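With mmCIF, C-alpha atoms inside, this is my_file18.cif:
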```cif
data_data
#
loop_
_atom_site.group_PDB
_atom_site.id
_atom_site.type_symbol
_atom_site.label_atom_id
_atom_site.label_comp_id
_atom_site.auth_asym_id
_atom_site.auth_seq_id
_atom_site.Cartn_x
_atom_site.Cartn_y
_atom_site.Cartn_z
ATOM 1 C CA MET R 1 105.190 106.254 -34.578
ATOM 2 C CA GLU R 2 102.202 108.556 -33.965
ATOM 3 C CA ASP R 3 100.020 106.450 -36.284
ATOM 4 C CA LEU R 4 101.035 103.298 -34.411
ATOM 5 C CA ILE R 5 100.279 104.966 -31.072
ATOM 6 C CA LYS R 6 96.814 105.960 -32.289
ATOM 7 C CA GLU R 7 96.228 102.446 -33.650
ATOM 8 C CA LEU R 8 97.285 100.909 -30.335
ATOM 9 C CA LYS R 9 94.969 103.158 -28.363
ATOM 10 C CA GLN R 10 92.079 102.057 -30.561
ATOM 11 C CA GLU R 11 93.122 98.405 -30.102
ATOM 12 C CA ILE R 12 93.022 98.890 -26.330
ATOM 13 C CA ILE R 13 89.591 100.546 -26.488
ATOM 14 C CA ASP R 14 88.209 97.734 -28.646
ATOM 15 C CA GLU R 15 89.835 94.925 -26.680
ATOM 16 C CA PHE R 16 88.639 96.105 -23.300
ATOM 17 C CA ASN R 17 85.310 97.591 -24.448
ATOM 18 C CA PHE R 18 86.108 101.085 -23.163
ATOM 19 C CA GLU R 19 82.940 102.343 -24.799
ATOM 20 C CA ASP R 20 83.015 105.781 -23.234
ATOM 21 C CA MET R 21 86.567 106.492 -24.396
ATOM 22 C CA THR R 22 88.230 107.756 -27.536
ATOM 23 C CA ALA R 23 91.907 107.425 -28.466
ATOM 24 C CA GLU R 24 92.386 111.040 -27.339
ATOM 25 C CA ASP R 25 91.296 110.108 -23.810
ATOM 26 C CA ILE R 26 94.255 107.765 -23.351
ATOM 27 C CA ASP R 27 97.458 109.453 -22.229
ATOM 28 C CA THR R 28 100.395 108.118 -24.255
ATOM 29 C CA GLU R 29 102.765 108.502 -21.299
ATOM 30 C CA ALA R 30 100.443 107.350 -18.482
ATOM 31 C CA PRO R 31 100.840 103.920 -16.814
ATOM 32 C CA LEU R 32 98.622 101.310 -18.442
ATOM 33 C CA PHE R 33 98.233 99.301 -15.249
ATOM 34 C CA GLY R 34 96.894 100.218 -11.828
ATOM 35 C CA GLU R 35 95.683 103.793 -11.963
ATOM 36 C CA GLY R 36 94.326 105.341 -15.122
ATOM 37 C CA LEU R 37 92.944 102.621 -17.361
ATOM 38 C CA GLY R 38 92.905 100.171 -14.477
ATOM 39 C CA LEU R 39 94.309 97.257 -16.474
ATOM 40 C CA ASP R 40 95.228 94.132 -14.518
ATOM 41 C CA SER R 41 97.250 90.941 -14.958
ATOM 42 C CA ILE R 42 94.575 89.283 -17.107
ATOM 43 C CA ASP R 43 94.618 92.329 -19.359
ATOM 44 C CA ALA R 44 98.400 91.945 -19.702
ATOM 45 C CA LEU R 45 97.750 88.500 -21.159
ATOM 46 C CA SER R 46 95.233 90.026 -23.556
ATOM 47 C CA LEU R 47 97.814 92.589 -24.662
ATOM 48 C CA MET R 48 100.256 89.730 -25.292
ATOM 49 C CA VAL R 49 97.621 88.078 -27.495
ATOM 50 C CA ILE R 50 97.230 91.340 -29.466
ATOM 51 C CA LEU R 51 101.000 91.538 -29.973
ATOM 52 C CA GLU R 52 101.095 87.996 -31.320
ATOM 53 C CA LYS R 53 97.900 88.132 -33.370
ATOM 54 C CA LYS R 54 98.300 91.535 -34.943
ATOM 55 C CA TYR R 55 102.052 92.153 -35.013
ATOM 56 C CA GLY R 56 103.507 88.618 -34.946
ATOM 57 C CA ILE R 57 105.457 89.355 -31.745
ATOM 58 C CA LYS R 58 105.879 86.763 -28.993
ATOM 59 C CA ILE R 59 107.206 87.930 -25.648
ATOM 60 C CA GLU R 60 109.403 85.017 -24.622
ATOM 61 C CA ASP R 61 110.337 86.277 -21.162
ATOM 62 C CA PRO R 62 107.302 87.481 -19.123
ATOM 63 C CA LYS R 63 109.671 89.644 -17.054
ATOM 64 C CA ASP R 64 110.102 91.875 -20.124
ATOM 65 C CA GLY R 65 106.350 92.570 -20.080
ATOM 66 C CA LYS R 66 106.558 95.027 -17.194
ATOM 67 C CA LYS R 67 108.794 97.371 -19.196
ATOM 68 C CA ILE R 68 107.075 96.810 -22.538
ATOM 69 C CA PHE R 69 103.570 97.369 -21.159
ATOM 70 C CA SER R 70 104.541 100.356 -19.076
ATOM 71 C CA THR R 71 102.809 102.959 -21.250
ATOM 72 C CA VAL R 72 101.288 103.183 -24.728
ATOM 73 C CA ARG R 73 104.558 104.779 -25.901
ATOM 74 C CA THR R 74 106.804 101.964 -24.584
ATOM 75 C CA LEU R 75 104.457 99.438 -26.151
ATOM 76 C CA ALA R 76 104.519 101.255 -29.505
ATOM 77 C CA GLU R 77 108.303 101.512 -29.438
ATOM 78 C CA TYR R 78 108.631 97.792 -28.742
ATOM 79 C CA ILE R 79 106.245 96.924 -31.571
ATOM 80 C CA ALA R 80 108.027 99.242 -34.014
ATOM 81 C CA ALA R 81 111.356 97.565 -33.221
ATOM 82 C CA ASN R 82 110.132 93.957 -33.268
ATOM 83 C CA ARG R 83 107.081 93.641 -35.500
ATOM 84 C CA LYS R 84 107.020 90.827 -38.047
ATOM 85 C CA GLN R 85 103.805 91.792 -39.812
ATOM 86 C CA MET J 1 70.945 82.641 20.592
ATOM 87 C CA ASN J 2 69.855 83.555 17.091
ATOM 88 C CA THR J 3 69.329 87.147 16.087
ATOM 89 C CA GLN J 4 66.875 88.196 13.423
ATOM 90 C CA GLN J 5 68.213 89.108 10.002
ATOM 91 C CA TYR J 6 66.624 91.863 7.914
ATOM 92 C CA ILE J 7 66.609 92.863 4.263
ATOM 93 C CA THR J 8 67.817 96.446 4.530
ATOM 94 C CA SER J 9 67.912 97.120 0.812
ATOM 95 C CA TRP J 10 66.937 95.259 -2.327
ATOM 96 C CA CYS J 11 66.991 95.555 -6.079
ATOM 97 C CA VAL J 12 65.047 93.595 -8.681
ATOM 98 C CA LEU J 13 65.783 93.819 -12.402
ATOM 99 C CA LYS J 14 63.898 91.804 -14.952
ATOM 100 C CA ASP J 15 64.409 92.344 -18.666
ATOM 101 C CA ASN J 16 63.727 96.083 -19.133
ATOM 102 C CA THR J 17 62.357 97.004 -15.737
ATOM 103 C CA ILE J 18 63.964 97.653 -12.398
ATOM 104 C CA ASN J 19 62.593 98.107 -8.894
ATOM 105 C CA ILE J 20 64.753 99.405 -6.070
ATOM 106 C CA ASN J 21 63.268 99.234 -2.570
ATOM 107 C CA ASP J 22 59.739 99.434 -3.962
ATOM 108 C CA ARG J 23 60.570 102.279 -6.329
ATOM 109 C CA LEU J 24 59.730 101.176 -9.842
ATOM 110 C CA ILE J 25 61.995 102.379 -12.631
ATOM 111 C CA SER J 26 60.657 101.440 -16.036
ATOM 112 C CA ASN J 27 62.907 101.565 -19.005
ATOM 113 C CA GLU J 28 61.317 102.902 -22.145
ATOM 114 C CA THR J 29 64.323 103.807 -24.237
ATOM 115 C CA SER J 30 66.437 100.657 -24.210
ATOM 116 C CA GLU J 31 65.480 97.848 -26.524
ATOM 117 C CA GLN J 32 67.770 95.353 -24.814
ATOM 118 C CA PRO J 33 68.400 94.713 -21.115
ATOM 119 C CA ALA J 34 72.139 95.081 -21.775
ATOM 120 C CA ASP J 35 71.468 98.674 -22.807
ATOM 121 C CA LEU J 36 69.435 99.258 -19.652
ATOM 122 C CA VAL J 37 72.358 98.032 -17.551
ATOM 123 C CA LYS J 38 74.698 100.464 -19.351
ATOM 124 C CA GLN J 39 72.179 103.290 -19.024
ATOM 125 C CA LEU J 40 71.923 102.673 -15.296
ATOM 126 C CA TYR J 41 75.725 102.627 -15.000
ATOM 127 C CA ARG J 42 75.978 106.005 -16.726
ATOM 128 C CA ALA J 43 72.902 107.610 -15.171
ATOM 129 C CA HIS J 44 74.107 106.825 -11.658
ATOM 130 C CA ASN J 45 77.701 107.931 -12.314
ATOM 131 C CA MET J 46 79.162 104.648 -11.156
ATOM 132 C CA SER J 47 82.515 105.613 -12.638
ATOM 133 C CA TYR J 48 84.413 102.320 -12.656
ATOM 134 C CA PRO J 49 86.555 101.710 -15.770
ATOM 135 C CA LYS J 50 86.529 97.952 -15.205
ATOM 136 C CA PHE J 51 82.772 97.909 -15.807
ATOM 137 C CA PHE J 52 83.168 97.892 -19.574
ATOM 138 C CA LYS J 53 85.598 94.993 -19.462
ATOM 139 C CA MET J 54 83.050 92.783 -17.674
ATOM 140 C CA ASP J 55 80.767 90.271 -19.325
ATOM 141 C CA ALA J 56 76.981 90.654 -19.267
ATOM 142 C CA LEU J 57 76.506 88.674 -16.059
ATOM 143 C CA SER J 58 79.104 90.632 -14.088
ATOM 144 C CA ARG J 59 77.799 93.944 -15.430
ATOM 145 C CA LEU J 60 74.299 93.034 -14.283
ATOM 146 C CA ALA J 61 75.450 91.973 -10.823
ATOM 147 C CA PHE J 62 77.729 95.008 -10.518
ATOM 148 C CA VAL J 63 75.067 97.568 -11.464
ATOM 149 C CA CYS J 64 72.423 95.986 -9.208
ATOM 150 C CA SER J 65 74.854 95.906 -6.285
ATOM 151 C CA GLU J 66 75.712 99.572 -6.837
ATOM 152 C CA LEU J 67 72.038 100.556 -6.941
ATOM 153 C CA LEU J 68 71.240 98.497 -3.880
ATOM 154 C CA LEU J 69 74.119 99.967 -1.880
ATOM 155 C CA ASN J 70 73.402 103.488 -3.126
ATOM 156 C CA LYS J 71 76.947 104.784 -2.424
ATOM 157 C CA ARG J 72 76.965 103.177 1.027
ATOM 158 C CA LYS J 73 80.404 101.913 1.995
ATOM 159 C CA LEU J 74 79.780 98.665 3.858
ATOM 160 C CA THR J 75 83.305 98.603 5.265
ATOM 161 C CA ASP J 76 82.437 101.765 7.237
ATOM 162 C CA THR J 77 80.014 99.604 9.254
ATOM 163 C CA TYR J 78 81.557 96.144 9.115
ATOM 164 C CA LYS J 79 84.996 94.594 8.939
ATOM 165 C CA ALA J 80 85.779 93.567 5.355
ATOM 166 C CA GLU J 81 86.013 89.901 6.428
ATOM 167 C CA ASP J 82 82.569 90.026 8.085
ATOM 168 C CA ILE J 83 80.802 90.832 4.813
ATOM 169 C CA ALA J 84 79.756 87.984 2.505
ATOM 170 C CA VAL J 85 78.562 87.787 -1.085
ATOM 171 C CA ILE J 86 76.482 84.692 -1.835
ATOM 172 C CA LEU J 87 74.809 84.485 -5.232
ATOM 173 C CA SER J 88 73.004 81.945 -7.356
ATOM 174 C CA ASN J 89 71.571 81.467 -10.825
ATOM 175 C CA ARG J 90 70.360 78.938 -13.349
ATOM 176 C CA SER J 91 72.769 79.202 -16.299
ATOM 177 C CA ALA J 92 76.090 79.815 -14.522
ATOM 178 C CA SER J 93 78.235 81.675 -17.117
ATOM 179 C CA LEU J 94 76.803 79.858 -20.135
ATOM 180 C CA HIS J 95 76.116 83.070 -22.073
ATOM 181 C CA THR J 96 79.834 83.959 -21.969
ATOM 182 C CA ASP J 97 80.904 80.320 -22.382
ATOM 183 C CA TYR J 98 79.162 80.303 -25.759
ATOM 184 C CA ALA J 99 80.822 83.580 -26.764
ATOM 185 C CA TYR J 100 84.227 82.258 -25.751
ATOM 186 C CA ASN J 101 83.675 78.994 -27.605
ATOM 187 C CA GLU J 102 82.670 80.952 -30.692
ATOM 188 C CA SER J 103 85.871 82.998 -30.445
ATOM 189 C CA ILE J 104 88.144 79.919 -30.542
ATOM 190 C CA ILE J 105 86.272 77.806 -33.053
ATOM 191 C CA ASP J 106 88.526 78.813 -35.978
ATOM 192 C CA ARG J 107 91.663 76.731 -35.471
ATOM 193 C CA ALA J 108 93.462 78.668 -38.188
ATOM 194 C CA ASN J 109 92.983 81.839 -36.171
ATOM 195 C CA TYR J 110 93.297 80.411 -32.687
ATOM 196 C CA PHE J 111 93.966 83.193 -30.191
ATOM 197 C CA PRO J 112 92.117 82.467 -26.919
ATOM 198 C CA ASN J 113 91.269 85.784 -25.344
ATOM 199 C CA PRO J 114 92.129 85.868 -21.610
ATOM 200 C CA SER J 115 89.857 88.827 -20.928
ATOM 201 C CA LEU J 116 86.899 86.833 -22.258
ATOM 202 C CA PHE J 117 88.003 83.505 -20.796
ATOM 203 C CA VAL J 118 88.195 84.942 -17.286
ATOM 204 C CA TYR J 119 84.419 85.417 -17.311
ATOM 205 C CA THR J 120 83.690 81.770 -18.105
ATOM 206 C CA LEU J 121 83.051 81.213 -14.410
ATOM 207 C CA PRO J 122 79.939 82.663 -12.751
ATOM 208 C CA ASN J 123 81.639 83.370 -9.422
ATOM 209 C CA ILE J 124 83.718 86.040 -11.162
ATOM 210 C CA MET J 125 80.767 88.397 -10.687
ATOM 211 C CA ILE J 126 81.145 87.894 -6.946
ATOM 212 C CA GLY J 127 84.823 88.812 -7.280
ATOM 213 C CA GLU J 128 83.944 91.993 -9.158
ATOM 214 C CA ILE J 129 81.568 93.085 -6.374
ATOM 215 C CA CYS J 130 84.147 92.195 -3.709
ATOM 216 C CA ILE J 131 86.920 94.144 -5.459
ATOM 217 C CA ARG J 132 84.711 97.186 -5.921
ATOM 218 C CA ASN J 133 83.606 97.224 -2.268
ATOM 219 C CA GLY J 134 86.724 95.926 -0.528
ATOM 220 C CA ILE J 135 84.866 92.828 0.703
ATOM 221 C CA THR J 136 86.994 89.887 1.845
ATOM 222 C CA GLY J 137 84.451 87.672 3.656
ATOM 223 C CA GLU J 138 82.741 84.450 2.686
ATOM 224 C CA ASN J 139 81.752 84.115 -0.946
ATOM 225 C CA THR J 140 79.847 81.287 -2.552
ATOM 226 C CA PHE J 141 78.021 80.706 -5.790
ATOM 227 C CA PHE J 142 75.201 78.185 -6.238
ATOM 228 C CA VAL J 143 73.584 76.883 -9.415
ATOM 229 C CA SER J 144 69.983 75.677 -9.335
ATOM 230 C CA SER J 145 67.332 75.276 -12.019
ATOM 231 C CA GLU J 146 65.020 77.706 -10.202
ATOM 232 C CA PRO J 147 65.652 80.250 -7.432
ATOM 233 C CA ASN J 148 65.811 78.247 -4.219
ATOM 234 C CA PHE J 149 65.255 80.851 -1.548
ATOM 235 C CA ASP J 150 64.630 78.288 1.194
ATOM 236 C CA PHE J 151 68.172 77.049 0.649
ATOM 237 C CA LEU J 152 69.699 80.504 0.189
ATOM 238 C CA THR J 153 68.121 81.988 3.315
ATOM 239 C CA GLU J 154 69.167 78.926 5.293
ATOM 240 C CA GLN J 155 72.776 79.337 4.119
ATOM 241 C CA VAL J 156 72.940 83.042 4.880
ATOM 242 C CA ASN J 157 71.108 82.802 8.201
ATOM 243 C CA PHE J 158 73.399 79.956 9.276
ATOM 244 C CA LEU J 159 76.512 82.018 8.547
ATOM 245 C CA MET J 160 75.056 84.982 10.389
ATOM 246 C CA ASN J 161 73.743 83.046 13.376
ATOM 247 C CA THR J 162 77.083 81.303 13.846
ATOM 248 C CA GLY J 163 78.943 84.621 13.735
ATOM 249 C CA VAL J 164 80.896 83.828 10.564
ATOM 250 C CA ILE J 165 79.526 86.976 8.929
ATOM 251 C CA GLN J 166 77.659 90.109 9.993
ATOM 252 C CA CYS J 167 76.314 91.283 6.669
ATOM 253 C CA CYS J 168 75.567 89.654 3.331
ATOM 254 C CA LEU J 169 74.844 90.652 -0.209
ATOM 255 C CA THR J 170 72.872 87.766 -1.658
ATOM 256 C CA GLY J 171 70.365 86.777 -4.321
ATOM 257 C CA TRP J 172 69.833 85.565 -7.873
ATOM 258 C CA VAL J 173 71.606 86.981 -10.963
ATOM 259 C CA GLU J 174 70.816 85.327 -14.277
ATOM 260 C CA VAL J 175 71.652 86.075 -17.905
ATOM 261 C CA SER J 176 70.439 83.329 -20.203
ATOM 262 C CA ALA J 177 70.174 85.180 -23.516
ATOM 263 C CA GLU J 178 70.635 88.640 -25.025
ATOM 264 C CA ASN J 179 67.119 89.606 -23.996
ATOM 265 C CA HIS J 180 66.687 87.667 -20.794
ATOM 266 C CA TYR J 181 68.198 89.264 -17.722
ATOM 267 C CA GLU J 182 66.957 88.855 -14.189
ATOM 268 C CA ALA J 183 68.493 89.861 -10.910
ATOM 269 C CA THR J 184 67.198 89.999 -7.371
ATOM 270 C CA LEU J 185 69.748 91.220 -4.855
ATOM 271 C CA PHE J 186 69.344 91.708 -1.131
ATOM 272 C CA LEU J 187 71.456 93.363 1.490
ATOM 273 C CA VAL J 188 70.989 91.366 4.680
ATOM 274 C CA GLU J 189 71.957 92.684 8.111
ATOM 275 C CA LYS J 190 71.418 91.725 11.738
ATOM 276 C CA ASN J 191 68.911 93.546 13.864
ATOM 277 C CA LYS J 192 71.551 94.721 16.320
ATOM 278 C CA MET J 193 73.132 96.776 13.548
ATOM 279 C CA ILE J 194 69.841 98.379 12.498
ATOM 280 C CA GLU J 195 68.223 101.242 14.388
ATOM 281 C CA ASP J 196 64.631 100.787 13.301
ATOM 282 C CA THR J 197 63.773 97.252 12.207
ATOM 283 C CA ALA J 198 60.114 98.155 11.633
ATOM 284 C CA ASN J 199 60.985 99.503 8.192
ATOM 285 C CA PHE J 200 62.512 96.294 6.892
ATOM 286 C CA TYR J 201 61.388 92.851 5.766
ATOM 287 C CA THR J 202 62.759 89.929 7.743
ATOM 288 C CA PHE J 203 65.138 87.790 5.718
ATOM 289 C CA ALA J 204 62.812 84.824 5.366
ATOM 290 C CA PRO J 205 61.981 82.737 2.269
ATOM 291 C CA TYR J 206 58.448 84.120 1.850
ATOM 292 C CA ASN J 207 59.679 87.744 1.910
ATOM 293 C CA VAL J 208 62.553 86.951 -0.445
ATOM 294 C CA SER J 209 60.183 85.198 -2.879
ATOM 295 C CA LYS J 210 57.686 88.048 -2.614
ATOM 296 C CA ILE J 211 60.332 90.607 -3.580
ATOM 297 C CA HIS J 212 61.762 88.358 -6.325
ATOM 298 C CA THR J 213 58.363 88.167 -8.024
ATOM 299 C CA ILE J 214 57.520 91.850 -7.649
ATOM 300 C CA LEU J 215 58.129 92.426 -11.391
#
```

Show me, as structure tokens, the structure contained in the file I just sent.
Amino acid sequence: MEDLIKELKQEIIDEFNFEDMTAEDIDTEAPLFGEGLGLDSIDALSLMVILEKKYGIKIEDPKDGKKIFSTVRTLAEYIAANRKQ
Amino acid sequence: MNTQQYITSWCVLKDNTININDRLISNETSEQPADLVKQLYRAHNMSYPKFFKMDALSRLAFVCSELLLNKRKLTDTYKAEDIAVILSNRSASLHTDYAYNESIIDRANYFPNPSLFVYTLPNIMIGEICIRNGITGENTFFVSSEPNFDFLTEQVNFLMNTGVIQCCLTGWVEVSAENHYEATLFLVEKNKMIEDTANFYTFAPYNVSKIHTIL
């Protein structure tokens, strides 16, 4: 799980061009949206693309996204339980 | 009765050089204008995580607006809905349009990226400035082959003279290639809001053109 968390943090840094950040700068338990990283609804769509492209996961019900994308840890747990690649 | 509008602050960036209110800042360390924009962001502690998510055009507009405002909070002086952002350029968002097109060209690996796609409209840079500064007034984006400051000043002065807005951030922000950046931004305010108008240029086409060509 810790390797997946680190990988996800790097994915987020690369996807959103957080050039001044390292994986260590991202709090595993902190909210991904609003405060902190300042991700927004467009970024949620980008995260959905990452899930599909890299892990073969499609989120069928957008309402599930709020819980899944809550923190890096909830995202990692969801991927670990549902990944197809 | 019309009031006079004044340019109370301005910022001109062309390729690797920047001039803020007649203070020339030459860039000697950055090889590319994109690096200069990032250097300015860091050097002036702009501290806005969304900056790195923006495309080149929005980054340029954002940094120039921050330098021009110099930490001033416009909403301390004006109502959010009385502040406008009206910008123009030649290439719209073509630089990012190309990048987006490149990213979806492989149909076997077709994953359109929303965070890139969102910048395939030039008025997004206006939105970024509005979000940063809490501005909710008029916003418009114009495309013209060359800067048309007669038209732009007429637009802004009309909105101000008719009381639609009280303050406007306006100008030209263009990114047409990796090494061709140009931005000329003006903060325009009415004389009744300014204590000493003697220090400022009037917001007229000849003054706007003069500042635009300073570099």

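The space between atom CA of Glu178 of chain J and atom CA of Tyr98 of chain J spans 11.9 Å.
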
Please, which residues in segment 106-153 of chain J fall within 12 Å of segment 13-21 of chain R when counting only C-alpha atoms, and what is the closest atom pair and distance in Å to one decimal for each, ordered by chain then residue number, as CSV?
```
residue,atom,partner,partner_atom,distance
J:Asn113,CA,R:Glu15,CA,9.3
J:Pro114,CA,R:Glu15,CA,10.6
J:Ser115,CA,R:Phe16,CA,7.8
J:Leu116,CA,R:Phe16,CA,9.5
```

task: Could you tell me which residues the PyMOL selection byres ((chain R) within 12 of (chain J)) grabs in this file, written as JSON, numbers by chain?
output: {"R": [12, 13, 14, 15, 16, 17, 18, 19, 20, 21, 33, 34, 35, 36, 37, 38, 39, 40, 41, 42, 43, 44, 45, 46, 47, 48, 49, 50, 51, 52, 53, 54, 56]}

field: Distance of atom CA of Leu60 of chain J from atom CA of Phe151 of chain J, expressed in Å to one decimal place
entry: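 Separation between atom CA of Phe151 of chain J and atom CA of Leu60 of chain J: 22.7 Å.
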
Expand the PyMOL selection byres ((chain J and resi 192) around 12) into the individual residues it matches in the shown file, reporting them as a PDB file with C-alpha atoms, in the frame of the given file.
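Here's the written file expr.pdb:
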```
ATOM      1  CA  ASN J   2      69.855  83.555  17.091  1.00  0.00           C
ATOM      2  CA  THR J   3      69.329  87.147  16.087  1.00  0.00           C
ATOM      3  CA  GLN J   4      66.875  88.196  13.423  1.00  0.00           C
ATOM      4  CA  GLN J   5      68.213  89.108  10.002  1.00  0.00           C
ATOM      5  CA  TYR J   6      66.624  91.863   7.914  1.00  0.00           C
ATOM      6  CA  MET J 160      75.056  84.982  10.389  1.00  0.00           C
ATOM      7  CA  GLN J 166      77.659  90.109   9.993  1.00  0.00           C
ATOM      8  CA  CYS J 167      76.314  91.283   6.669  1.00  0.00           C
ATOM      9  CA  GLU J 189      71.957  92.684   8.111  1.00  0.00           C
ATOM     10  CA  LYS J 190      71.418  91.725  11.738  1.00  0.00           C
ATOM     11  CA  ASN J 191      68.911  93.546  13.864  1.00  0.00           C
ATOM     12  CA  MET J 193      73.132  96.776  13.548  1.00  0.00           C
ATOM     13  CA  ILE J 194      69.841  98.379  12.498  1.00  0.00           C
ATOM     14  CA  GLU J 195      68.223 101.242  14.388  1.00  0.00           C
ATOM     15  CA  ASP J 196      64.631 100.787  13.301  1.00  0.00           C
ATOM     16  CA  THR J 197      63.773  97.252  12.207  1.00  0.00           C
TER      17      THR J 197
END
```

message: Could you check which residues have any atom within 10 Å of (67.7, 86.6, -18.3), counting only C-alpha atoms with coordinates taken straight from the file, and then list them as a list in words?
response: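 Protein, DNA and RNA residues close to (67.7, 86.6, -18.3): Leu13, Lys14, Asp15, Pro33, Leu57, Asn89, Arg90, Ser91, His95, Val173, Glu174, Val175, Ser176, Ala177, Glu178, Asn179, His180, Tyr181, Glu182 and Ala183 of chain J.
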